[in-house]
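Peer 1: Quick one: the structure is below, questions incoming.
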Amino acid sequence: MATVALVGMKFYAFHGYYDFERRVGNNFEVDVKAHLVIDRDPNDSIEATINYEDIYAICDRFMQKKYLLLESLAFDIAMEIKSSHSKVDRVEVRLSKMKPPVGGKVDRAIVTIEL
């Protein structure tokens, strides 16, 4: 097994349960860990692993949509990464919404999905 991760991908996006969240937007951070089955030496071949650019592109595409729930967004990202890369055995997506509107001072709300 090997783990390929991108940590701290930053996006401004329009996700949230409340209408104003989807109108105004917020800062989000996404971390992805893809656990791969490595059954031989990769020999410097990108085909033996997952390209970081693919992970970022998938996250970027889903972050441009509007979701009510962070759980749904994280799930869709995880499913797309896992289903589009045969080497991926398990994927973990950690999604943070910065300063969520909860009625007090909070750094971030975090949802983690593992498939």
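In the structure tokens, chains take the letters A, B, ... in the order shown, each chain's residues start at 1, and ligands count up from 1 in the order shown.
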Just want the 9 Å neighbourhood of Cys59 of chain A, counted on only C-alpha atoms, with same-chain residues fewer than 5 positions away dropped. Output as a PyMOL selection string.

Peer 2: chain A and resi 9+30+32+54+64+77+81

Peer 1: Save out the residues we just selected, N, CA and C atoms, as a PDB file, in the first residue's frame.

Peer 2:
ATOM      1  N   MET A   9      -5.830  22.139   0.042  1.00  0.00           N
ATOM      2  CA  MET A   9      -6.368  22.753  -1.178  1.00  0.00           C
ATOM      3  C   MET A   9      -7.409  23.791  -0.747  1.00  0.00           C
ATOM      4  N   VAL A  30      -9.725  21.539   1.498  1.00  0.00           N
ATOM      5  CA  VAL A  30      -9.943  20.113   1.221  1.00  0.00           C
ATOM      6  C   VAL A  30      -8.618  19.373   1.340  1.00  0.00           C
ATOM      7  N   VAL A  32      -7.136  15.380   0.805  1.00  0.00           N
ATOM      8  CA  VAL A  32      -7.454  14.068   0.248  1.00  0.00           C
ATOM      9  C   VAL A  32      -6.278  13.134   0.478  1.00  0.00           C
ATOM     10  N   ASP A  54      -4.848  15.008 -11.068  1.00  0.00           N
ATOM     11  CA  ASP A  54      -6.176  14.392 -11.171  1.00  0.00           C
ATOM     12  C   ASP A  54      -6.981  14.619  -9.893  1.00  0.00           C
ATOM     13  N   GLN A  64     -16.960  23.617  -7.473  1.00  0.00           N
ATOM     14  CA  GLN A  64     -17.650  24.630  -8.275  1.00  0.00           C
ATOM     15  C   GLN A  64     -19.166  24.449  -8.286  1.00  0.00           C
ATOM     16  N   ILE A  77     -16.823  13.659  -3.958  1.00  0.00           N
ATOM     17  CA  ILE A  77     -15.398  13.753  -4.289  1.00  0.00           C
ATOM     18  C   ILE A  77     -14.731  12.396  -4.083  1.00  0.00           C
ATOM     19  N   ILE A  81     -12.978   9.997  -7.050  1.00  0.00           N
ATOM     20  CA  ILE A  81     -11.560   9.618  -6.999  1.00  0.00           C
ATOM     21  C   ILE A  81     -11.426   8.102  -7.015  1.00  0.00           C
TER      22      ILE A  81
END

Peer 1: Please determine, counting only C-alpha atoms, which residue among A:Ala13, A:Leu70, A:Val88, A:Val106 has the shortest atom-to-atom distance to Ile55 of chain A.

Peer 2: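 The answer is A:Val88, which sits nearest to Ile55 of chain A.
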
Peer 1: Between A:Ile38, A:His15, A:Ala5, A:Val102, which residue has the minimum interatomic distance to Lys65 of chain A, considering only C-alpha atoms?

Peer 2: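 Of the candidates, the smallest distance to Lys65 of chain A is held by A:His15.
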
Peer 1: Find the residue from A:Ile113, A:Phe20, A:Val37, A:Gly8 that sits nearest to Ser72 of chain A; use only C-alpha atoms when measuring.

Peer 2: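 Result for the nearest residue to Ser72 of chain A: A:Ile113.
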
Peer 1: Do you have the atom CA of Ser96 of chain A-atom CA of Val111 of chain A distance handy?

Peer 2: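 Atom CA of Val111 of chain A lies at a distance of 6.6 Å from atom CA of Ser96 of chain A.
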
Peer 1: Which is closest to Tyr52 of chain A among A:Arg90, A:Arg40, A:His85, A:Lys105, if we use only C-alpha atoms?

Peer 2: A:His85

Peer 1: Closest to Ala57 of chain A among A:Val91, A:Phe14, A:Arg108, A:Glu80, using only C-alpha atoms?

Peer 2: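 Of A:Val91, A:Phe14, A:Arg108, A:Glu80, the one nearest Ala57 of chain A is A:Glu80, counting only C-alpha atoms.
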
Peer 1: With only C-alpha atoms as the atoms that count, which of A:Ile46, A:Ala34, A:Val7, A:Leu69 lies nearest to Leu115 of chain A?

Peer 2: A:Ala34

Peer 1: Quick one: distance from atom CA of Lys66 of chain A to atom CA of Met79 of chain A in Å, one decimal?

Peer 2: 17.1 Å

Peer 1: I'd like to know which residues of chain A are strand (DSSP E) (by DSSP, run on the backbone); could you write them as a PyMOL selection string?

Peer 2: chain A and resi 2-13+26-36+88-98+108-114

Peer 1: For the alpha helix (DSSP H) assignment from backbone DSSP, which residues of chain A qualify? Please present them as an MDAnalysis selection string.

Peer 2: chainID A and resid 19:24 52:63 70:84

Peer 1: Please indicate the distance in Å from atom CA of Ser83 of chain A to atom CA of Pro42 of chain A, rounded to one decimal place.

Peer 2: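 Calculated distance between atom CA of Ser83 of chain A and atom CA of Pro42 of chain A is 20.8 Å.
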
Peer 1: Excluding same-chain residues fewer than 6 positions from Thr3 of chain A, what lies within 8 Å of it counting only C-alpha atoms, as a VMD selection string?

Peer 2: chain A and resid 33 to 36

Peer 1: For those residues, write N, CA and C atoms to a file as a PDB file, in the first residue's frame.

Peer 2:
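The resulting file, result-v3.pdb, is reproduced below:
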ATOM      1  N   LYS A  33      -6.590  11.939   0.974  1.00  0.00           N
ATOM      2  CA  LYS A  33      -5.610  10.860   1.070  1.00  0.00           C
ATOM      3  C   LYS A  33      -6.137   9.692   0.249  1.00  0.00           C
ATOM      4  N   ALA A  34      -5.379   9.307  -0.760  1.00  0.00           N
ATOM      5  CA  ALA A  34      -5.736   8.156  -1.587  1.00  0.00           C
ATOM      6  C   ALA A  34      -4.784   7.022  -1.240  1.00  0.00           C
ATOM      7  N   HIS A  35      -5.334   5.921  -0.774  1.00  0.00           N
ATOM      8  CA  HIS A  35      -4.542   4.749  -0.413  1.00  0.00           C
ATOM      9  C   HIS A  35      -4.551   3.812  -1.617  1.00  0.00           C
ATOM     10  N   LEU A  36      -3.370   3.524  -2.125  1.00  0.00           N
ATOM     11  CA  LEU A  36      -3.224   2.768  -3.374  1.00  0.00           C
ATOM     12  C   LEU A  36      -2.665   1.391  -3.144  1.00  0.00           C
TER      13      LEU A  36
END

Peer 1: Considering only C-alpha atoms, return as a list in words whatever protein or nucleic-acid residues lie within 8 Å of Tyr17 of chain A, sequence-local ones (same chain, fewer than 3 positions apart) excluded.

Peer 2: Glu21, Arg22, Tyr67, Leu68 and Leu69 of chain A

Peer 1: Please dump the current selection as a CSV table (one decimal), in the first residue's frame; keep C-alpha atoms.

Peer 2:
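result.csv was written with the following content:
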chain,number,residue,atom,x,y,z
A,21,GLU,CA,-24.4,30.6,2.3
A,22,ARG,CA,-25.0,29.6,-1.3
A,67,TYR,CA,-24.2,21.6,-2.1
A,68,LEU,CA,-26.5,21.9,0.9
A,69,LEU,CA,-24.4,19.4,3.0
